[in-house]
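The data block below is query.cif; it holds mmCIF, C-alpha atoms.
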data_query
#
loop_
_atom_site.group_PDB
_atom_site.id
_atom_site.type_symbol
_atom_site.label_atom_id
_atom_site.label_comp_id
_atom_site.auth_asym_id
_atom_site.auth_seq_id
_atom_site.Cartn_x
_atom_site.Cartn_y
_atom_site.Cartn_z
ATOM 1 C CA MET A 1 -0.988 -29.038 11.720
ATOM 2 C CA ARG A 2 -4.341 -27.625 12.798
ATOM 3 C CA SER A 3 -3.437 -24.265 11.244
ATOM 4 C CA GLY A 4 -2.689 -25.982 7.939
ATOM 5 C CA GLU A 5 -5.956 -27.897 8.117
ATOM 6 C CA ASN A 6 -7.858 -24.673 8.755
ATOM 7 C CA ARG A 7 -6.263 -22.986 5.770
ATOM 8 C CA ALA A 8 -7.083 -25.967 3.577
ATOM 9 C CA ALA A 9 -10.679 -25.919 4.790
ATOM 10 C CA LEU A 10 -10.968 -22.201 4.092
ATOM 11 C CA SER A 11 -9.522 -22.701 0.617
ATOM 12 C CA LEU A 12 -12.033 -25.454 -0.141
ATOM 13 C CA ALA A 13 -14.891 -23.357 1.201
ATOM 14 C CA ARG A 14 -13.854 -20.402 -0.932
ATOM 15 C CA GLY A 15 -13.682 -22.611 -3.993
ATOM 16 C CA ALA A 16 -17.151 -23.937 -3.250
ATOM 17 C CA ILE A 17 -18.511 -20.398 -2.914
ATOM 18 C CA ALA A 18 -16.921 -19.466 -6.222
ATOM 19 C CA LEU A 19 -18.509 -22.501 -7.896
ATOM 20 C CA VAL A 20 -21.936 -21.652 -6.502
ATOM 21 C CA LEU A 21 -21.636 -18.058 -7.682
ATOM 22 C CA LEU A 22 -20.649 -19.187 -11.143
ATOM 23 C CA CYS A 23 -23.587 -21.585 -11.302
ATOM 24 C CA LEU A 24 -25.970 -18.895 -10.131
ATOM 25 C CA GLY A 25 -24.528 -16.526 -12.687
ATOM 26 C CA GLY A 26 -25.236 -19.018 -15.447
ATOM 27 C CA CYS A 27 -28.699 -19.918 -14.194
ATOM 28 C CA LEU A 28 -29.871 -16.362 -13.623
ATOM 29 C CA GLY A 29 -28.280 -14.884 -16.697
ATOM 30 C CA TRP A 30 -26.164 -12.349 -14.768
ATOM 31 C CA ARG A 31 -23.559 -12.189 -17.462
ATOM 32 C CA ASP A 32 -26.145 -10.734 -19.833
ATOM 33 C CA LYS A 33 -28.544 -8.913 -17.540
ATOM 34 C CA GLY A 34 -26.559 -7.566 -14.593
ATOM 35 C CA PRO A 35 -23.390 -7.732 -12.512
ATOM 36 C CA THR A 36 -21.259 -10.843 -12.785
ATOM 37 C CA PRO A 37 -20.398 -12.850 -9.665
ATOM 38 C CA VAL A 38 -16.936 -11.270 -9.646
ATOM 39 C CA GLU A 39 -18.431 -7.791 -9.822
ATOM 40 C CA LEU A 40 -20.800 -8.634 -6.983
ATOM 41 C CA ALA A 41 -17.926 -9.907 -4.844
ATOM 42 C CA LEU A 42 -15.904 -6.776 -5.626
ATOM 43 C CA ALA A 43 -18.847 -4.540 -4.767
ATOM 44 C CA THR A 44 -19.241 -6.347 -1.445
ATOM 45 C CA GLY A 45 -15.544 -5.976 -0.730
ATOM 46 C CA ASP A 46 -15.548 -2.291 -1.684
ATOM 47 C CA GLU A 47 -18.491 -1.520 0.592
ATOM 48 C CA ARG A 48 -16.711 -3.195 3.509
ATOM 49 C CA PHE A 49 -13.352 -1.647 2.653
ATOM 50 C CA ASP A 50 -14.902 1.822 2.723
ATOM 51 C CA ARG A 51 -15.922 1.042 6.333
ATOM 52 C CA ARG A 52 -12.480 -0.311 7.305
ATOM 53 C CA ALA A 53 -12.076 2.232 10.109
ATOM 54 C CA GLU A 54 -14.944 0.548 11.991
ATOM 55 C CA GLY A 55 -12.699 -2.299 13.073
ATOM 56 C CA LEU A 56 -10.408 -5.110 12.050
ATOM 57 C CA ASP A 57 -13.289 -7.532 11.486
ATOM 58 C CA THR A 58 -14.789 -5.206 8.866
ATOM 59 C CA LEU A 59 -11.519 -4.957 6.984
ATOM 60 C CA ASN A 60 -10.962 -8.710 7.219
ATOM 61 C CA SER A 61 -14.426 -9.299 5.763
ATOM 62 C CA ALA A 62 -13.503 -7.023 2.845
ATOM 63 C CA ILE A 63 -10.390 -9.111 2.252
ATOM 64 C CA GLU A 64 -12.492 -12.284 2.304
ATOM 65 C CA ALA A 65 -14.830 -10.833 -0.340
ATOM 66 C CA TYR A 66 -11.859 -9.914 -2.527
ATOM 67 C CA LEU A 67 -10.442 -13.416 -2.087
ATOM 68 C CA ASP A 68 -13.793 -14.818 -3.227
ATOM 69 C CA ALA A 69 -13.494 -12.660 -6.343
ATOM 70 C CA GLN A 70 -9.948 -13.909 -6.884
ATOM 71 C CA ALA A 71 -11.156 -17.513 -6.675
ATOM 72 C CA LEU A 72 -13.474 -16.706 -9.594
ATOM 73 C CA GLU A 73 -10.954 -14.731 -11.662
ATOM 74 C CA PRO A 74 -7.405 -15.155 -10.350
ATOM 75 C CA GLU A 75 -5.863 -13.051 -13.115
ATOM 76 C CA ARG A 76 -8.043 -9.949 -13.017
ATOM 77 C CA PRO A 77 -5.984 -6.784 -12.308
ATOM 78 C CA THR A 78 -8.792 -4.985 -10.475
ATOM 79 C CA VAL A 79 -9.123 -7.909 -8.066
ATOM 80 C CA LEU A 80 -5.389 -8.155 -7.360
ATOM 81 C CA ALA A 81 -5.081 -4.389 -6.916
ATOM 82 C CA ARG A 82 -7.870 -4.382 -4.342
ATOM 83 C CA LEU A 83 -6.280 -7.251 -2.440
ATOM 84 C CA ALA A 84 -2.952 -5.411 -2.351
ATOM 85 C CA ARG A 85 -4.692 -2.237 -1.180
ATOM 86 C CA ALA A 86 -6.572 -4.061 1.574
ATOM 87 C CA TYR A 87 -3.497 -5.837 2.942
ATOM 88 C CA ASN A 88 -1.585 -2.542 2.934
ATOM 89 C CA ALA A 89 -4.445 -0.918 4.842
ATOM 90 C CA ARG A 90 -4.445 -3.710 7.421
ATOM 91 C CA ALA A 91 -0.690 -3.403 7.876
ATOM 92 C CA ILE A 92 -0.935 0.349 8.406
ATOM 93 C CA GLY A 93 -4.113 0.501 10.440
ATOM 94 C CA TYR A 94 -4.182 -2.615 12.582
ATOM 95 C CA ALA A 95 -1.141 -4.895 12.384
ATOM 96 C CA GLU A 96 1.778 -4.786 14.802
ATOM 97 C CA GLY A 97 5.330 -6.120 14.708
ATOM 98 C CA ASP A 98 5.953 -9.038 12.378
ATOM 99 C CA ASP A 99 2.286 -9.104 11.303
ATOM 100 C CA ARG A 100 2.691 -5.632 9.823
ATOM 101 C CA ALA A 101 5.661 -6.727 7.740
ATOM 102 C CA ARG A 102 3.833 -9.885 6.625
ATOM 103 C CA ASP A 103 0.796 -7.923 5.473
ATOM 104 C CA HIS A 104 2.956 -5.572 3.425
ATOM 105 C CA LEU A 105 4.749 -8.541 1.875
ATOM 106 C CA GLN A 106 1.398 -10.119 1.003
ATOM 107 C CA ALA A 107 0.267 -6.858 -0.563
ATOM 108 C CA ARG A 108 3.455 -6.708 -2.585
ATOM 109 C CA GLU A 109 2.956 -10.278 -3.789
ATOM 110 C CA PHE A 110 -0.525 -9.497 -5.127
ATOM 111 C CA ALA A 111 0.682 -6.249 -6.699
ATOM 112 C CA TYR A 112 3.638 -7.840 -8.475
ATOM 113 C CA ARG A 113 1.487 -10.746 -9.634
ATOM 114 C CA CYS A 114 -0.864 -8.214 -11.176
ATOM 115 C CA MET A 115 1.927 -6.300 -12.932
ATOM 116 C CA LEU A 116 3.241 -9.530 -14.443
ATOM 117 C CA LEU A 117 -0.108 -10.036 -16.173
ATOM 118 C CA ASN A 118 0.847 -7.179 -18.482
ATOM 119 C CA SER A 119 2.637 -8.894 -21.366
ATOM 120 C CA GLY A 120 4.748 -5.871 -22.285
ATOM 121 C CA TYR A 121 5.969 -5.464 -18.729
ATOM 122 C CA ALA A 122 6.705 -9.186 -18.372
ATOM 123 C CA ALA A 123 8.599 -9.284 -21.682
ATOM 124 C CA ARG A 124 10.847 -6.411 -20.652
ATOM 125 C CA LEU A 125 11.611 -8.166 -17.372
ATOM 126 C CA ASP A 126 12.617 -11.326 -19.221
ATOM 127 C CA GLY A 127 15.007 -9.277 -21.340
ATOM 128 C CA ARG A 128 16.811 -8.053 -18.235
ATOM 129 C CA GLY A 129 16.987 -11.280 -16.296
ATOM 130 C CA GLY A 130 13.843 -10.541 -14.326
ATOM 131 C CA GLN A 131 14.963 -7.125 -13.103
ATOM 132 C CA VAL A 132 12.496 -4.265 -12.935
ATOM 133 C CA ASN A 133 13.620 -1.474 -15.246
ATOM 134 C CA GLN A 134 12.210 1.764 -16.620
ATOM 135 C CA LYS A 135 11.284 0.279 -19.990
ATOM 136 C CA ALA A 136 9.280 -2.455 -18.297
ATOM 137 C CA VAL A 137 7.411 -0.029 -16.018
ATOM 138 C CA MET A 138 6.564 2.215 -18.967
ATOM 139 C CA GLN A 139 4.758 -0.722 -20.593
ATOM 140 C CA LEU A 140 2.142 -0.776 -17.833
ATOM 141 C CA THR A 141 -1.233 0.407 -19.090
ATOM 142 C CA PRO A 142 -3.867 2.191 -16.944
ATOM 143 C CA PRO A 143 -5.526 -0.991 -15.570
ATOM 144 C CA PHE A 144 -2.176 -1.947 -14.025
ATOM 145 C CA TRP A 145 -1.234 1.415 -12.492
ATOM 146 C CA PRO A 146 -3.140 0.811 -9.221
ATOM 147 C CA CYS A 147 -1.156 -2.409 -8.801
ATOM 148 C CA ALA A 148 2.136 -0.564 -9.262
ATOM 149 C CA GLU A 149 0.993 2.067 -6.769
ATOM 150 C CA GLU A 150 0.184 -0.555 -4.149
ATOM 151 C CA ALA A 151 3.531 -2.236 -4.865
ATOM 152 C CA LEU A 152 5.171 1.075 -3.965
ATOM 153 C CA VAL A 153 3.225 1.471 -0.731
ATOM 154 C CA ALA A 154 3.941 -2.115 0.301
ATOM 155 C CA GLY A 155 7.605 -2.056 -0.654
ATOM 156 C CA LEU A 156 8.482 1.312 0.868
ATOM 157 C CA ARG A 157 6.630 0.667 4.128
ATOM 158 C CA TRP A 158 8.367 -2.712 4.358
ATOM 159 C CA VAL A 159 11.760 -1.062 3.821
ATOM 160 C CA GLU A 160 10.837 1.463 6.498
ATOM 161 C CA LEU A 161 10.196 -1.380 8.943
ATOM 162 C CA ARG A 162 13.328 -3.298 8.003
ATOM 163 C CA GLY A 163 15.712 -0.359 7.976
ATOM 164 C CA VAL A 164 19.181 -0.917 6.550
ATOM 165 C CA ALA A 165 18.401 -4.603 5.948
ATOM 166 C CA GLY A 166 15.632 -3.663 3.506
ATOM 167 C CA ALA A 167 17.464 -0.876 1.687
ATOM 168 C CA VAL A 168 18.493 -3.216 -1.134
ATOM 169 C CA GLU A 169 14.898 -2.932 -2.403
ATOM 170 C CA LEU A 170 15.054 0.844 -2.831
ATOM 171 C CA GLU A 171 16.574 0.900 -6.313
ATOM 172 C CA GLU A 172 13.750 -1.211 -7.755
ATOM 173 C CA LEU A 173 11.103 0.816 -5.927
ATOM 174 C CA SER A 174 12.666 4.034 -7.177
ATOM 175 C CA VAL A 175 12.357 2.744 -10.753
ATOM 176 C CA ILE A 176 8.657 1.934 -10.271
ATOM 177 C CA ALA A 177 7.994 5.340 -8.689
ATOM 178 C CA ALA A 178 9.830 7.205 -11.441
ATOM 179 C CA GLY A 179 7.919 5.299 -14.120
ATOM 180 C CA LEU A 180 4.585 6.147 -12.516
ATOM 181 C CA GLN A 181 5.577 9.764 -12.076
ATOM 182 C CA ARG A 182 6.145 10.046 -15.817
ATOM 183 C CA ARG A 183 2.412 9.284 -16.151
ATOM 184 C CA GLN A 184 1.435 12.269 -13.995
ATOM 185 C CA ASP A 185 0.006 14.223 -16.924
ATOM 186 C CA THR A 186 -2.373 11.359 -17.628
ATOM 187 C CA ARG A 187 -3.177 10.367 -14.063
ATOM 188 C CA PRO A 188 -1.875 12.547 -11.220
ATOM 189 C CA SER A 189 -0.895 10.274 -8.355
ATOM 190 C CA TRP A 190 0.263 11.183 -4.870
ATOM 191 C CA THR A 191 1.676 7.654 -4.603
ATOM 192 C CA ALA A 192 4.188 8.115 -7.422
ATOM 193 C CA THR A 193 5.435 11.486 -6.174
ATOM 194 C CA TRP A 194 5.590 10.225 -2.584
ATOM 195 C CA GLY A 195 7.383 7.090 -3.758
ATOM 196 C CA VAL A 196 10.165 9.018 -5.493
ATOM 197 C CA SER A 197 10.676 11.066 -2.326
ATOM 198 C CA MET A 198 10.588 8.100 0.059
ATOM 199 C CA ALA A 199 13.020 6.090 -2.052
ATOM 200 C CA THR A 200 15.477 8.944 -1.395
ATOM 201 C CA LEU A 201 14.667 9.603 2.257
ATOM 202 C CA LEU A 202 14.922 5.934 3.245
ATOM 203 C CA ARG A 203 18.421 5.547 1.821
ATOM 204 C CA PRO A 204 20.714 4.704 4.749
ATOM 205 C CA GLN A 205 23.523 7.011 5.649
ATOM 206 C CA PRO A 206 26.199 7.692 4.533
ATOM 207 C CA LEU A 207 24.669 7.288 1.049
ATOM 208 C CA SER A 208 24.075 10.665 -0.579
ATOM 209 C CA ARG A 209 20.532 12.007 -0.564
ATOM 210 C CA ASP A 210 19.101 15.034 -2.328
ATOM 211 C CA LEU A 211 16.911 16.328 0.489
ATOM 212 C CA THR A 212 15.832 19.398 -1.466
ATOM 213 C CA ALA A 213 14.358 17.332 -4.298
ATOM 214 C CA ALA A 214 12.865 14.861 -1.804
ATOM 215 C CA ALA A 215 11.198 17.730 0.053
ATOM 216 C CA GLU A 216 9.697 19.155 -3.133
ATOM 217 C CA ARG A 217 8.228 15.808 -4.120
ATOM 218 C CA LEU A 218 6.885 14.964 -0.682
ATOM 219 C CA ARG A 219 5.167 18.336 -0.434
ATOM 220 C CA ALA A 220 3.799 17.862 -3.945
ATOM 221 C CA ALA A 221 2.331 14.541 -2.803
ATOM 222 C CA ARG A 222 0.702 16.297 0.151
ATOM 223 C CA ALA A 223 -0.823 18.826 -2.232
ATOM 224 C CA LEU A 224 -2.291 15.998 -4.311
ATOM 225 C CA GLU A 225 -3.745 14.207 -1.257
ATOM 226 C CA PRO A 226 -4.023 16.803 1.543
ATOM 227 C CA GLY A 227 -6.354 14.656 3.621
ATOM 228 C CA LEU A 228 -3.836 11.854 4.187
ATOM 229 C CA TRP A 229 -1.990 12.508 7.444
ATOM 230 C CA LEU A 230 0.555 9.753 6.872
ATOM 231 C CA LEU A 231 2.277 12.101 4.424
ATOM 232 C CA GLU A 232 2.617 14.701 7.180
ATOM 233 C CA LEU A 233 4.035 12.022 9.446
ATOM 234 C CA ASP A 234 6.627 11.051 6.841
ATOM 235 C CA GLU A 235 7.588 14.694 6.422
ATOM 236 C CA ALA A 236 8.052 15.202 10.165
ATOM 237 C CA ARG A 237 10.008 12.001 10.814
ATOM 238 C CA LEU A 238 12.126 11.706 7.698
ATOM 239 C CA LEU A 239 12.483 15.233 6.357
ATOM 240 C CA ILE A 240 11.960 17.957 8.967
ATOM 241 C CA HIS A 241 14.101 16.025 11.438
ATOM 242 C CA GLN A 242 16.995 15.969 8.961
ATOM 243 C CA GLU A 243 16.505 19.480 7.546
ATOM 244 C CA GLN A 244 15.594 21.505 10.621
ATOM 245 C CA GLY A 245 16.540 19.433 13.648
ATOM 246 C CA VAL A 246 14.951 17.719 16.611
ATOM 247 C CA GLU A 247 12.865 20.593 17.963
ATOM 248 C CA ALA A 248 11.241 21.333 14.604
ATOM 249 C CA ALA A 249 10.403 17.648 14.229
ATOM 250 C CA ARG A 250 8.991 17.609 17.755
ATOM 251 C CA THR A 251 6.715 20.551 16.964
ATOM 252 C CA ALA A 252 5.402 18.909 13.790
ATOM 253 C CA LEU A 253 4.837 15.571 15.493
ATOM 254 C CA GLN A 254 3.146 17.174 18.490
ATOM 255 C CA ALA A 255 0.706 19.013 16.226
ATOM 256 C CA LEU A 256 -0.200 15.739 14.505
ATOM 257 C CA ALA A 257 -0.453 13.775 17.768
ATOM 258 C CA GLU A 258 -2.878 16.322 19.232
ATOM 259 C CA ARG A 259 -5.165 16.366 16.213
ATOM 260 C CA ALA A 260 -8.418 14.437 16.545
ATOM 261 C CA PRO A 261 -8.875 12.194 13.478
ATOM 262 C CA PRO A 262 -12.380 12.162 11.966
ATOM 263 C CA ARG A 263 -14.394 9.007 12.487
ATOM 264 C CA ASP A 264 -15.322 8.748 8.834
ATOM 265 C CA GLY A 265 -13.959 9.863 5.501
ATOM 266 C CA PRO A 266 -11.746 8.079 2.957
ATOM 267 C CA TRP A 267 -8.629 8.106 5.181
ATOM 268 C CA ALA A 268 -10.158 7.680 8.656
ATOM 269 C CA LEU A 269 -8.230 4.483 9.418
ATOM 270 C CA GLU A 270 -4.929 5.737 8.030
ATOM 271 C CA ASN A 271 -5.262 9.094 9.811
ATOM 272 C CA ALA A 272 -5.891 7.394 13.137
ATOM 273 C CA ALA A 273 -2.756 5.329 12.486
ATOM 274 C CA ALA A 274 -0.782 8.486 11.634
ATOM 275 C CA ARG A 275 -1.810 10.096 14.912
ATOM 276 C CA ARG A 276 -0.831 6.982 16.849
ATOM 277 C CA LYS A 277 2.517 6.716 15.075
ATOM 278 C CA ALA A 278 3.202 10.407 15.761
ATOM 279 C CA GLU A 279 2.768 9.688 19.474
ATOM 280 C CA GLU A 280 5.175 6.756 19.183
ATOM 281 C CA ALA A 281 7.686 8.892 17.305
ATOM 282 C CA LEU A 282 7.592 11.522 20.053
ATOM 283 C CA LEU A 283 8.534 8.859 22.582
ATOM 284 C CA SER A 284 11.459 7.811 20.389
ATOM 285 C CA LEU A 285 12.595 11.340 19.596
ATOM 286 C CA ASP A 286 14.976 11.745 22.494
ATOM 287 C CA GLU A 287 16.631 8.466 21.527
ATOM 288 C CA GLY A 288 17.361 9.859 18.071
ATOM 289 C CA ASP A 289 15.327 7.167 16.295
ATOM 290 C CA LEU A 290 12.351 8.335 14.244
ATOM 291 C CA SER A 291 12.228 5.289 12.004
ATOM 292 C CA GLY A 292 8.967 4.053 13.438
ATOM 293 C CA ARG A 293 10.336 0.489 13.534
ATOM 294 C CA ARG A 294 9.106 -1.736 16.313
ATOM 295 C CA PRO A 295 10.351 -5.193 17.314
#

What would you get if you wrote out this structure as structure tokens?
Amino acid sequence: MRSGENRAALSLARGAIALVLLCLGGCLGWRDKGPTPVELALATGDERFDRRAEGLDTLNSAIEAYLDAQALEPERPTVLARLARAYNARAIGYAEGDDRARDHLQAREFAYRCMLLNSGYAARLDGRGGQVNQKAVMQLTPPFWPCAEEALVAGLRWVELRGVAGAVELEELSVIAAGLQRRQDTRPSWTATWGVSMATLLRPQPLSRDLTAAAERLRAARALEPGLWLLELDEARLLIHQEQGVEAARTALQALAERAPPRDGPWALENAAARRKAEEALLSLDEGDLSGRRP
């Protein structure tokens, strides 16, 4: 009961903050002369998110700023995309066990809510009984692409944690990834290329998998975002292990585990997580399980 009361109190407090910001915006003329309250909240969240490697409290404070922005404009794609991105980052960089899965599910909820704000996408879903399909994904315009990208990250990492039990989600995620990849000429995205590959690599055996095509796409994703070590980790655990065997996977994982991640930079938190997960994968290697799943 106390947990519910705390959540209610936080919700009321956030609403009060939103009301104050709106009043200040009207009184000070921000809408005409400077940043709106939503833009100020987003700027605060972005500054904290960029420092997310400093610690969990910093990332949580970024999430709180984004939630303040959402209280002001609950249907703004840029707000929902940032919330999805932040929850994905917390799942990857800080959360453990069930908390990791919950954060990815929360990220997916924000991302899908954002995508549904696009009327063309929503209409195509209605025509197929709510199923995600290629025609629906192709209706997404540039403001909604970051949401679809975060939906991919959340969904595929959740499937990775769940294993066979989560594989039912792969067909839908593959459709989203393929739709985004068709936009590559307009907006090259490592997420789309990685997503197509991961949707193949995570398919449970004995389902057929085109490892050659998956390898090409995963390495293309690495070329688009060479500073993100998580892509190297995925290659070692899910591709090299299957293509070249245990010893080749061990070599790749060992090289990643021994690398010192930088303390700053755009992927500092995620790279530290990749190094840690490489160490965990090495411990699991002799057991034949490189899934990265933890109870």

Smallest atom-to-atom distance to Pro188 (chain A): which of A:Leu224, A:Ala274, A:Leu67, A:Met138, using all atoms listed in the file?
A:Leu224

Suppose a student applies the PyMOL selection byres ((chain A and resi 157-162) around 10) to this structure; what residues should they get, written as a PyMOL selection string?
chain A and resi 88+91-92+97-98+100-105+108+151-156+163-170+173+198-199+201-203+291-295

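Closest approach to Arg263 (chain A) among A:Glu73, A:Glu216, A:Asp185, A:Glu54: A:Glu54, based on all atoms listed in the file.
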
Which residue gives the smallest distance to Trp145 (chain A) among A:Ala81, A:Val196, A:Glu171, A:Ala43, with all atoms listed in the file counted?
A:Ala81

Kindly provide, as lines of an AutoDock Vina configuration file, the centre and edge lengths (Å, one decimal) of an axis-aligned box around all atoms of region 194-200 of chain A given in the file, with 6 Å on each side.
center_x = 10.5
center_y = 8.6
center_z = -2.7
size_x = 21.9
size_y = 17.0
size_z = 17.6

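We find CA of Ala273 (chain A) and CA of Gln242 (chain A) to be spaced 22.7 Å apart.
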
Using the chain letters and numbers from the file, give me the residues hit by the PyMOL selection byres ((chain A and resi 215) around 10), as number ranges by chain.
A: 194, 197-198, 200-201, 210-214, 216-221, 235, 238-240, 243

Take the PyMOL selection byres ((chain A and resi 187) around 12), run it mentally on this structure, and tell me the resulting residues as a PyMOL selection string.
chain A and resi 141-143+145-146+149+180-186+188-193+224

Can you write out the residues you just picked, keeping C-alpha atoms, as a CSV table (one decimal), keeping the file's coordinate frame?
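Final file, result-v6.csv:
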chain,number,residue,atom,x,y,z
A,141,THR,CA,-1.2,0.4,-19.1
A,142,PRO,CA,-3.9,2.2,-16.9
A,143,PRO,CA,-5.5,-1.0,-15.6
A,145,TRP,CA,-1.2,1.4,-12.5
A,146,PRO,CA,-3.1,0.8,-9.2
A,149,GLU,CA,1.0,2.1,-6.8
A,180,LEU,CA,4.6,6.1,-12.5
A,181,GLN,CA,5.6,9.8,-12.1
A,182,ARG,CA,6.1,10.0,-15.8
A,183,ARG,CA,2.4,9.3,-16.2
A,184,GLN,CA,1.4,12.3,-14.0
A,185,ASP,CA,0.0,14.2,-16.9
A,186,THR,CA,-2.4,11.4,-17.6
A,188,PRO,CA,-1.9,12.5,-11.2
A,189,SER,CA,-0.9,10.3,-8.4
A,190,TRP,CA,0.3,11.2,-4.9
A,191,THR,CA,1.7,7.7,-4.6
A,192,ALA,CA,4.2,8.1,-7.4
A,193,THR,CA,5.4,11.5,-6.2
A,224,LEU,CA,-2.3,16.0,-4.3

Per residue of region 57-158 of chain A within 7 Å of region 35-41 of chain A, record the nearest atom pair and its distance in Å to one decimal, counting all atoms listed in the file, with rows in chain order and ascending residue number, as JSON lines.
{"residue": "A:Ala65", "atom": "CA", "partner": "A:Ala41", "partner_atom": "CA", "distance": 5.5}
{"residue": "A:Tyr66", "atom": "CA", "partner": "A:Ala41", "partner_atom": "CA", "distance": 6.5}
{"residue": "A:Asp68", "atom": "CA", "partner": "A:Ala41", "partner_atom": "CA", "distance": 6.6}
{"residue": "A:Ala69", "atom": "CA", "partner": "A:Val38", "partner_atom": "CA", "distance": 5.0}
{"residue": "A:Leu72", "atom": "CA", "partner": "A:Val38", "partner_atom": "CA", "distance": 6.4}

Separation of CA of Ala236 (chain A) and CA of Asp264 (chain A), in Å?
24.3 Å

Incomplete region 245-259 of chain A filled out to N, CA, C and O atoms as a compact mmCIF listing (two decimals), in the coordinates of the input:
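Dumped everything to result-v8.txt:
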# COMPACT_ATOMS: atom_id res chain seq x y z
N GLY A 245 16.11 19.84 12.32
CA GLY A 245 16.54 19.43 13.65
C GLY A 245 15.43 18.86 14.51
O GLY A 245 14.26 18.80 14.12
N VAL A 246 15.83 18.46 15.71
CA VAL A 246 14.95 17.72 16.61
C VAL A 246 13.75 18.55 17.05
O VAL A 246 12.61 18.05 17.06
N GLU A 247 13.96 19.80 17.42
CA GLU A 247 12.86 20.59 17.96
C GLU A 247 11.80 20.88 16.91
O GLU A 247 10.60 20.88 17.21
N ALA A 248 12.22 21.12 15.68
CA ALA A 248 11.24 21.33 14.60
C ALA A 248 10.44 20.06 14.35
O ALA A 248 9.22 20.11 14.13
N ALA A 249 11.11 18.92 14.40
CA ALA A 249 10.40 17.65 14.23
C ALA A 249 9.44 17.42 15.38
O ALA A 249 8.31 16.95 15.18
N ARG A 250 9.86 17.77 16.59
CA ARG A 250 8.99 17.61 17.76
C ARG A 250 7.72 18.44 17.61
O ARG A 250 6.62 17.98 17.91
N THR A 251 7.87 19.67 17.14
CA THR A 251 6.72 20.55 16.96
C THR A 251 5.73 19.97 15.95
O THR A 251 4.51 19.96 16.17
N ALA A 252 6.27 19.48 14.83
CA ALA A 252 5.40 18.91 13.79
C ALA A 252 4.70 17.65 14.28
O ALA A 252 3.51 17.44 14.02
N LEU A 253 5.42 16.81 14.98
CA LEU A 253 4.84 15.57 15.49
C LEU A 253 3.80 15.86 16.57
O LEU A 253 2.75 15.20 16.63
N GLN A 254 4.08 16.83 17.42
CA GLN A 254 3.15 17.17 18.49
C GLN A 254 1.83 17.67 17.92
O GLN A 254 0.75 17.31 18.38
N ALA A 255 1.92 18.49 16.86
CA ALA A 255 0.71 19.01 16.23
C ALA A 255 -0.13 17.88 15.65
O ALA A 255 -1.37 17.89 15.75
N LEU A 256 0.53 16.88 15.07
CA LEU A 256 -0.20 15.74 14.50
C LEU A 256 -0.77 14.85 15.61
O LEU A 256 -1.91 14.36 15.51
N ALA A 257 -0.01 14.64 16.68
CA ALA A 257 -0.45 13.78 17.77
C ALA A 257 -1.65 14.36 18.51
O ALA A 257 -2.46 13.61 19.08
N GLU A 258 -1.79 15.68 18.50
CA GLU A 258 -2.88 16.32 19.23
C GLU A 258 -4.13 16.50 18.38
O GLU A 258 -5.17 16.93 18.88
N ARG A 259 -4.03 16.18 17.12
CA ARG A 259 -5.16 16.37 16.21
C ARG A 259 -6.14 15.19 16.36
O ARG A 259 -5.73 14.04 16.41
